[in-house]
Number of protein chains: 4
Amino acid sequence: MIVVMSVSAVEEDVGQVISAIEARGLSALRMPGGDRVAVGIPSAIPPDMREPLYQILSVLSGVAHVAHVSRPYKLASREFHRADTVVEIKGVRFGGPHIQIMTGPCSVESLDQMQAAAEAARAAGASVLRGGAFKPRTSPYAFQGLQEKGLKILQQVGREHGLLTISEVMQPDLVPLVASHVDILQIGARNMQNFPLLIEVGKSGHPVLLKRGPSATLDEFLLAAEYLLHYNNSKVLLCERGVHPLDRSYARNTLDLNAVPVLKEISHLPVIADPSHGIGISRHVPAMALASVAAGADGIMLEMHPNPRQALSDGAQSLTPGQLQALMPRLRAVAAAIGRSA
Amino acid sequence: MIVVMSVSAVEEDVGQVISAIEARGLSALRMPGGDRVAVGIPSAIPPDMREPLYQILSVLSGVAHVAHVSRPYKLASREFHRADTVVEIKGVRFGGPHIQIMTGPCSVESLDQMQAAAEAARAAGASVLRGGAFKPRTSPYAFQGLQEKGLKILQQVGREHGLLTISEVMQPDLVPLVASHVDILQIGARNMQNFPLLIEVGKSGHPVLLKRGPSATLDEFLLAAEYLLHYNNSKVLLCERGVHPLDRSYARNTLDLNAVPVLKEISHLPVIADPSHGIGISRHVPAMALASVAAGADGIMLEMHPNPRQALSDGAQSLTPGQLQALMPRLRAVAAAIGRSA
Amino acid sequence: MIVVMSVSAVEEDVGQVISAIEARGLSALRMPGGDRVAVGIPSAIPPDMREPLYQILSVLSGVAHVAHVSRPYKLASREFHRADTVVEIKGVRFGGPHIQIMTGPCSVESLDQMQAAAEAARAAGASVLRGGAFKPRTSPYAFQGLQEKGLKILQQVGREHGLLTISEVMQPDLVPLVASHVDILQIGARNMQNFPLLIEVGKSGHPVLLKRGPSATLDEFLLAAEYLLHYNNSKVLLCERGVHPLDRSYARNTLDLNAVPVLKEISHLPVIADPSHGIGISRHVPAMALASVAAGADGIMLEMHPNPRQALSDGAQSLTPGQLQALMPRLRAVAAAIGRSA
Amino acid sequence: MIVVMSVSAVEEDVGQVISAIEARGLSALRMPGGDRVAVGIPSAIPPDMREPLYQILSVLSGVAHVAHVSRPYKLASREFHRADTVVEIKGVRFGGPHIQIMTGPCSVESLDQMQAAAEAARAAGASVLRGGAFKPRTSPYAFQGLQEKGLKILQQVGREHGLLTISEVMQPDLVPLVASHVDILQIGARNMQNFPLLIEVGKSGHPVLLKRGPSATLDEFLLAAEYLLHYNNSKVLLCERGVHPLDRSYARNTLDLNAVPVLKEISHLPVIADPSHGIGISRHVPAMALASVAAGADGIMLEMHPNPRQALSDGAQSLTPGQLQALMPRLRAVAAAIGRSA
């Protein structure tokens, strides 16, 4: 942490800053400069002291501003964990050379629908079947999901087709229920900072895909992952799914593919991209899926519905089985172009 | 809803759109135009049909785009509830001519701290004492709150000083506990779209202050309020607390005061402003509190700590009791300037 | 500037950073830390070296990131110019205790229109008459302004009514023409980083109101002001006019009133607020004008048209003379509440 | 255009809306609905009437809101120009199956530097050499470019190496000078809405690459292109170069690749992507260049400098010749994967 003093700060102000730092058992380094003085804290700051210290120093007299020089997360950082983490779930490896495809409908609607979806997923070479049972819906009037019944359908169909399953969990007390039915828990974008949920999923140790919130910075995203890791869940997949767009005239979100190479650099965790939510219009999803692979994503989540026109949710962004099938050869060719497989 | 056809749409495309609408028992109105045709749906669309219909029509052949012409919320809208809602809680009225002041520390830290805060709140003429017991913290390493012990301190101190109390609830299963201790539940910005929580707080019927999410549009904000109203909670206060900023060099958030007159026009619910989170720097909070009053807010939430330099959270944005005391005469003068009291 | 080394940086990396700094005649201070080393540059960095040095250090091996510790502007900063700058133009003082009102239509349309506008401006106690002659229009099909004829009308009417005049200049070669007709040049939001224009207006020494760009950070805004000051124009008014909004369903922009107290603190220049563009809907402009005064603005720019329904541009955000007249007593009362006049 | 009346609008309000529309020679269609009435304008609205009509209708009594149903641009729209526009410049075709590479340094610094850059560009198979001579610099203290001397170097080196050349023009009166030296004019992101410049470049008919502004919506971007087309310049290349990011901790901008497939659908103009500015960190540029190709871009602009550590501007985002060389095989493989060449 660096405390930059104002040009008009007096010696007493600097002394107060140094005292405040030393009072917490840390060392302070005075850096005289041209116009002004800065005070650095060379020692490592204990993580629970980082925020209150920042706050306290910010309001001291003569302080212009306080800058963090290290990142707030540690377990999620590649600095302390150099090697790529490969998350292995029942033999399926996320974060290795093979790019995993996760596909299926937004919502589980019926056994027939899921069986058709699973067949299409298998045919496309996907390894994970998705389907929402507890649905986060912006409007109270929208379809809220089949809940436990939906989980059972998903579980049954996943088993029958040899696919891993993923479904969203929205509240801490339902973590055991959802975890008992699916292979991967999903924490949705709107729950990225639902801390009780993060803690409970962390404690469960169950594999989890964490979606980035729509206005979350990467530090906030990795701090949410840090919650999971801190509570002893090491099977964490990060998922970029689009941030709040400049306007919504042409797309629901802005898929932030910059986040893919950056996250791969600053964290050791696998990174999944979700172009379906990231652009929100089915006819543009293939282009963005290919771009996601090219940018370096370790997995691609694609909404696919046997009959998007009848979907109870997200029909506009869902591929048909035929569209998914048509996309896959190009997707594999792009993967091969960068030395990977899909 | 208006379905705008592409210039190159053929008659068969238009026919399919009309069929899709009529198949759902709605009427369709063909609007021939200069370059293109549009199809309007003049009848009121049942709320649970709004979203799937929009999705289905969006992907039909020849459709350029689909535009909603009505807002997605109804109970929160002033169109169907013309008069201002005044939320009365134990005799304190929110939404009337008197502007209510809600103040206290970010976190309950101790009985002594809360007693000092309550005295300062009373002296300033506040009606509500705030204090967090369950804290949503971006980092797992930050202070997480005193939890139930904190609620008990808040309740005791509120009673002793004749102040209403407010504290955040973060998960559905804790709604009964928090509601048994405080007069107003707070739903934090990061939980604005925590739908299980909204449903549970809705069902409780307990007065609630709902904070706007950091990248929530006003439609999303009012849809979150709609959840509360739909589940039969009529005591809802809206709170603007700042949106994601252009950059964080000089302020934590951008207090969106435009939202105050707009929300007052489109909704009948009281609107509270939170300049402490909205700018995040204590020395600028008074200016933004005055601006919030001038913009028409029905209440002002102000973080105040007996000793901000020792605060376990949000010290940088907390006023001292003296700063709060100094602000109040100006705040009352601004209120008077627009025909209100504070 | 602080160069934060990666945890895995080796001694040679640190040496390279220090050499790169010293090669430019600056001193480097090694700051050993817990996990990593940082290198500070205590000496003042010449302004033209700031950016290339940052760029060069960023790409050196072992560098985690580079952080500026000082702000990039100097002439616009309060640190080197402690006192408020009061810009005096023909006896009208901006930045003193009296809040100046600038009003008039978006575009000069006719002599009659401007005379009616000027009368309303006088009646309201305004000191500046605005009117666009060269109009920046998003669409090539929109009204582009009366150009030189418009300037002449504005000049004549301003003189007749004893009002200062302001009009936008959009290109460097027209600076002399516009400056010969109006008292204050306006640089529009879309031209905030039109550097040739900034240089030309800077050299002219003519009083200028600089609008903040719709996605400009405050550093970028003050750097644009720095151009004006650097080229020897000391008569600079800053203007906050709203930033790009989260969505445009209810307002054209988000008036960022946080910028008012922050700019007043970090810069010595007067700050004007433009609630007309800032919210874009005439019936909400009064609330935001009052909020702007309460937040500490030194002047308020208000679009007003004798007949908004006939306006050739910005009719939806223009007040009528009657609405302006009705606003003024409340605006003066809010000014008085914070110890100022209007 | 659709005028949605408020639920409480009375018959007289509706009549006034219809009169206002018919008074402008347009027809109005009353659409009775469940809760409210809407009024549609089925006829094509002349482009110069679009904005004032919208403004006038917005402020009429009883109007809830007004929605555009058609897009504001016409010449740039694919609706009226179904086929892809291929811009051919001296035999180089933009918008066809071959993806063009544009590369070179941010700024022209010397003849030697440009010759080294041109050799590297040729070796990589690029068709266009870039180099800034008039530089838009955020700070007045930064290097401002070699100006005319720089143009001459660029022209000479381009000719010698058989490369097209591109350089930015920043002010209308310099359009003839820059156009006399380079094959393609560049309009920078900060000048996207510099309307006098757009008009002058439009009139010149000289090939132009138009960069999207950092907070420009796609409608605003295509309206800027519409200026160029309207003033009779048909050789327009669109360029996505990143939008204002959520935060700048890890990247200068957010490359909005969603814009690529969307622009290709709604416009007939070629779309270039600029991953160098789009992410701003040289080591991440290759991943984003590959993603840009996969997303469907017709050309890629890549900053490359013979010695980035000595660059006078943008060193941190410039590739070395070796990095460019290493990228090309993968870039060609991705192009081949989607049926194109590069």
# chains A, B, ... in the order shown; residues from 1 in each chain; ligands from 1

$ interface_residues --of "chain A" --to "chain D" --cutoff "7 Å" --atoms "only C-alpha atoms" --output "PyMOL selection string"
chain A and resi 215+217+246-247+254-256+258+261+279+284+287-288+290-292+294-296+330+333-334+337-338

$ residues_around --residues "segment 297-300 of chain C" --least-positions-apart "5" --cutoff "8 Å" --atoms "only C-alpha atoms" --output "ChimeraX atom specification"
/C:94-102,260,270-275,289,292

$ residues_around --residues "segment 81-83 of chain A" --least-positions-apart "2" --cutoff "12 Å" --atoms "only C-alpha atoms" --output "list in words"
Lys74, Leu75, Ala76, Ser77, Arg78, Glu79, Thr85, Val86, Gly95, Gly96, Lys264, Glu265, Ile266, Ser267, His268, Leu269 and Pro270 of chain A; Ser6, Val7 and Ser8 of chain C

$ write_last_selection --atoms "all heavy atoms" --output "short mmCIF file (atom, residue, chain, number, x, y, z; two decimals), in the first residue's frame"
data_model
loop_
_atom_site.label_atom_id
_atom_site.label_comp_id
_atom_site.auth_asym_id
_atom_site.auth_seq_id
_atom_site.Cartn_x
_atom_site.Cartn_y
_atom_site.Cartn_z
N LYS A 74 -5.72 -13.98 -2.98
CA LYS A 74 -4.46 -14.70 -2.87
C LYS A 74 -4.61 -16.14 -3.36
O LYS A 74 -3.84 -16.60 -4.20
CB LYS A 74 -4.01 -14.69 -1.40
CG LYS A 74 -2.63 -15.25 -1.20
CD LYS A 74 -2.03 -14.74 0.10
CE LYS A 74 -0.64 -15.34 0.28
NZ LYS A 74 0.12 -14.68 1.34
N LEU A 75 -5.63 -16.84 -2.86
CA LEU A 75 -5.81 -18.24 -3.26
C LEU A 75 -6.16 -18.35 -4.73
O LEU A 75 -5.82 -19.34 -5.39
CB LEU A 75 -6.92 -18.88 -2.42
CG LEU A 75 -6.69 -18.84 -0.90
CD1 LEU A 75 -7.94 -19.34 -0.17
CD2 LEU A 75 -5.48 -19.69 -0.54
N ALA A 76 -6.84 -17.35 -5.28
CA ALA A 76 -7.25 -17.38 -6.68
C ALA A 76 -6.15 -16.87 -7.60
O ALA A 76 -6.28 -16.95 -8.82
CB ALA A 76 -8.51 -16.54 -6.87
N SER A 77 -5.08 -16.35 -7.02
CA SER A 77 -4.04 -15.69 -7.82
C SER A 77 -3.01 -16.68 -8.34
O SER A 77 -2.60 -17.60 -7.62
CB SER A 77 -3.33 -14.65 -6.94
OG SER A 77 -2.15 -14.21 -7.58
N ARG A 78 -2.59 -16.44 -9.54
CA ARG A 78 -1.54 -17.28 -10.10
C ARG A 78 -0.20 -17.00 -9.44
O ARG A 78 0.72 -17.83 -9.49
CB ARG A 78 -1.44 -17.06 -11.60
CG ARG A 78 -0.57 -18.11 -12.31
CD ARG A 78 -0.48 -17.89 -13.80
NE ARG A 78 -1.63 -18.34 -14.54
CZ ARG A 78 -1.83 -19.60 -14.92
NH1 ARG A 78 -0.97 -20.54 -14.61
NH2 ARG A 78 -2.91 -19.91 -15.60
N GLU A 79 -0.07 -15.86 -8.80
CA GLU A 79 1.23 -15.54 -8.21
C GLU A 79 1.64 -16.56 -7.16
O GLU A 79 2.83 -16.82 -6.97
CB GLU A 79 1.21 -14.14 -7.60
CG GLU A 79 1.17 -13.07 -8.67
CD GLU A 79 1.72 -11.75 -8.17
OE1 GLU A 79 1.28 -11.29 -7.10
OE2 GLU A 79 2.58 -11.18 -8.85
N THR A 85 -4.63 -24.81 -12.76
CA THR A 85 -5.43 -25.80 -12.06
C THR A 85 -6.30 -26.53 -13.08
O THR A 85 -6.99 -25.89 -13.88
CB THR A 85 -6.32 -25.12 -11.00
OG1 THR A 85 -5.49 -24.74 -9.90
CG2 THR A 85 -7.42 -26.04 -10.49
N VAL A 86 -6.22 -27.84 -13.07
CA VAL A 86 -7.13 -28.63 -13.90
C VAL A 86 -8.18 -29.21 -12.95
O VAL A 86 -7.84 -29.91 -12.00
CB VAL A 86 -6.38 -29.75 -14.64
CG1 VAL A 86 -7.37 -30.63 -15.41
CG2 VAL A 86 -5.36 -29.15 -15.61
N GLY A 95 -9.67 -27.19 -18.03
CA GLY A 95 -8.43 -26.45 -17.85
C GLY A 95 -7.24 -27.13 -18.51
O GLY A 95 -6.13 -26.62 -18.45
N GLY A 96 -7.47 -28.25 -19.13
CA GLY A 96 -6.42 -28.91 -19.89
C GLY A 96 -6.53 -28.54 -21.36
O GLY A 96 -7.24 -27.59 -21.71
N LYS A 264 -6.80 -15.86 -17.41
CA LYS A 264 -5.85 -16.98 -17.52
C LYS A 264 -4.47 -16.58 -17.00
O LYS A 264 -3.71 -17.41 -16.54
CB LYS A 264 -5.73 -17.45 -18.98
CG LYS A 264 -6.98 -18.07 -19.57
CD LYS A 264 -7.39 -19.37 -18.92
CE LYS A 264 -6.39 -20.48 -19.15
NZ LYS A 264 -6.80 -21.70 -18.41
N GLU A 265 -4.14 -15.30 -17.13
CA GLU A 265 -2.83 -14.85 -16.66
C GLU A 265 -2.80 -14.63 -15.16
O GLU A 265 -1.84 -15.01 -14.49
CB GLU A 265 -2.44 -13.54 -17.36
CG GLU A 265 -1.11 -13.01 -16.87
CD GLU A 265 -0.72 -11.71 -17.53
OE1 GLU A 265 -1.42 -10.68 -17.33
OE2 GLU A 265 0.26 -11.70 -18.26
N ILE A 266 -3.82 -13.99 -14.63
CA ILE A 266 -3.75 -13.60 -13.22
C ILE A 266 -4.27 -14.67 -12.28
O ILE A 266 -4.03 -14.60 -11.08
CB ILE A 266 -4.48 -12.25 -12.96
CG1 ILE A 266 -5.97 -12.35 -13.28
CG2 ILE A 266 -3.81 -11.13 -13.75
CD1 ILE A 266 -6.76 -11.07 -13.02
N SER A 267 -4.99 -15.65 -12.82
CA SER A 267 -5.49 -16.74 -11.97
C SER A 267 -5.10 -18.08 -12.58
O SER A 267 -4.82 -18.17 -13.77
CB SER A 267 -7.02 -16.64 -11.84
OG SER A 267 -7.51 -17.73 -11.06
N HIS A 268 -5.12 -19.09 -11.76
CA HIS A 268 -4.78 -20.44 -12.22
C HIS A 268 -6.03 -21.27 -12.52
O HIS A 268 -5.93 -22.43 -12.91
CB HIS A 268 -3.95 -21.16 -11.15
CG HIS A 268 -4.59 -21.11 -9.79
ND1 HIS A 268 -5.45 -22.06 -9.33
CD2 HIS A 268 -4.51 -20.15 -8.82
CE1 HIS A 268 -5.86 -21.73 -8.11
NE2 HIS A 268 -5.31 -20.57 -7.77
N LEU A 269 -7.19 -20.68 -12.32
CA LEU A 269 -8.44 -21.43 -12.45
C LEU A 269 -8.89 -21.51 -13.91
O LEU A 269 -8.62 -20.61 -14.70
CB LEU A 269 -9.53 -20.75 -11.61
CG LEU A 269 -9.27 -20.71 -10.10
CD1 LEU A 269 -10.26 -19.79 -9.40
CD2 LEU A 269 -9.32 -22.11 -9.50
N PRO A 270 -9.60 -22.57 -14.28
CA PRO A 270 -10.13 -22.67 -15.65
C PRO A 270 -11.17 -21.57 -15.91
O PRO A 270 -11.88 -21.14 -14.99
CB PRO A 270 -10.81 -24.05 -15.67
CG PRO A 270 -10.23 -24.80 -14.52
CD PRO A 270 -9.89 -23.76 -13.48
N SER C 6 6.37 -8.68 -9.86
CA SER C 6 5.66 -9.94 -9.64
C SER C 6 6.35 -10.73 -8.52
O SER C 6 7.53 -10.54 -8.24
CB SER C 6 5.69 -10.72 -10.94
OG SER C 6 5.50 -12.07 -10.71
N VAL C 7 5.59 -11.59 -7.87
CA VAL C 7 6.15 -12.44 -6.82
C VAL C 7 7.32 -13.27 -7.36
O VAL C 7 8.29 -13.53 -6.64
CB VAL C 7 5.05 -13.35 -6.25
CG1 VAL C 7 5.62 -14.43 -5.36
CG2 VAL C 7 4.03 -12.52 -5.50
N SER C 8 7.21 -13.63 -8.63
CA SER C 8 8.24 -14.51 -9.19
C SER C 8 9.36 -13.74 -9.90
O SER C 8 10.22 -14.33 -10.54
CB SER C 8 7.60 -15.48 -10.18
OG SER C 8 6.91 -14.72 -11.17
#

$ select_by_dssp --residues "segment 167-204 of chain C" --states "alpha helix (DSSP H)" --output "JSON, numbers by chain"
{"C": [175, 176, 177, 178, 179, 180, 181, 195, 196, 197, 198, 199, 200, 201, 202, 203, 204]}

$ closest_residue --among "A:Ala179, A:Ala120, A:Val14, A:Leu327" --to "Ala342 of chain A" --atoms "only C-alpha atoms"
A:Leu327

$ closest_residue --among "A:Ser58, A:Gly145, A:Ser282, A:Pro52" --to "Arg309 of chain A" --atoms "only C-alpha atoms"
A:Ser282
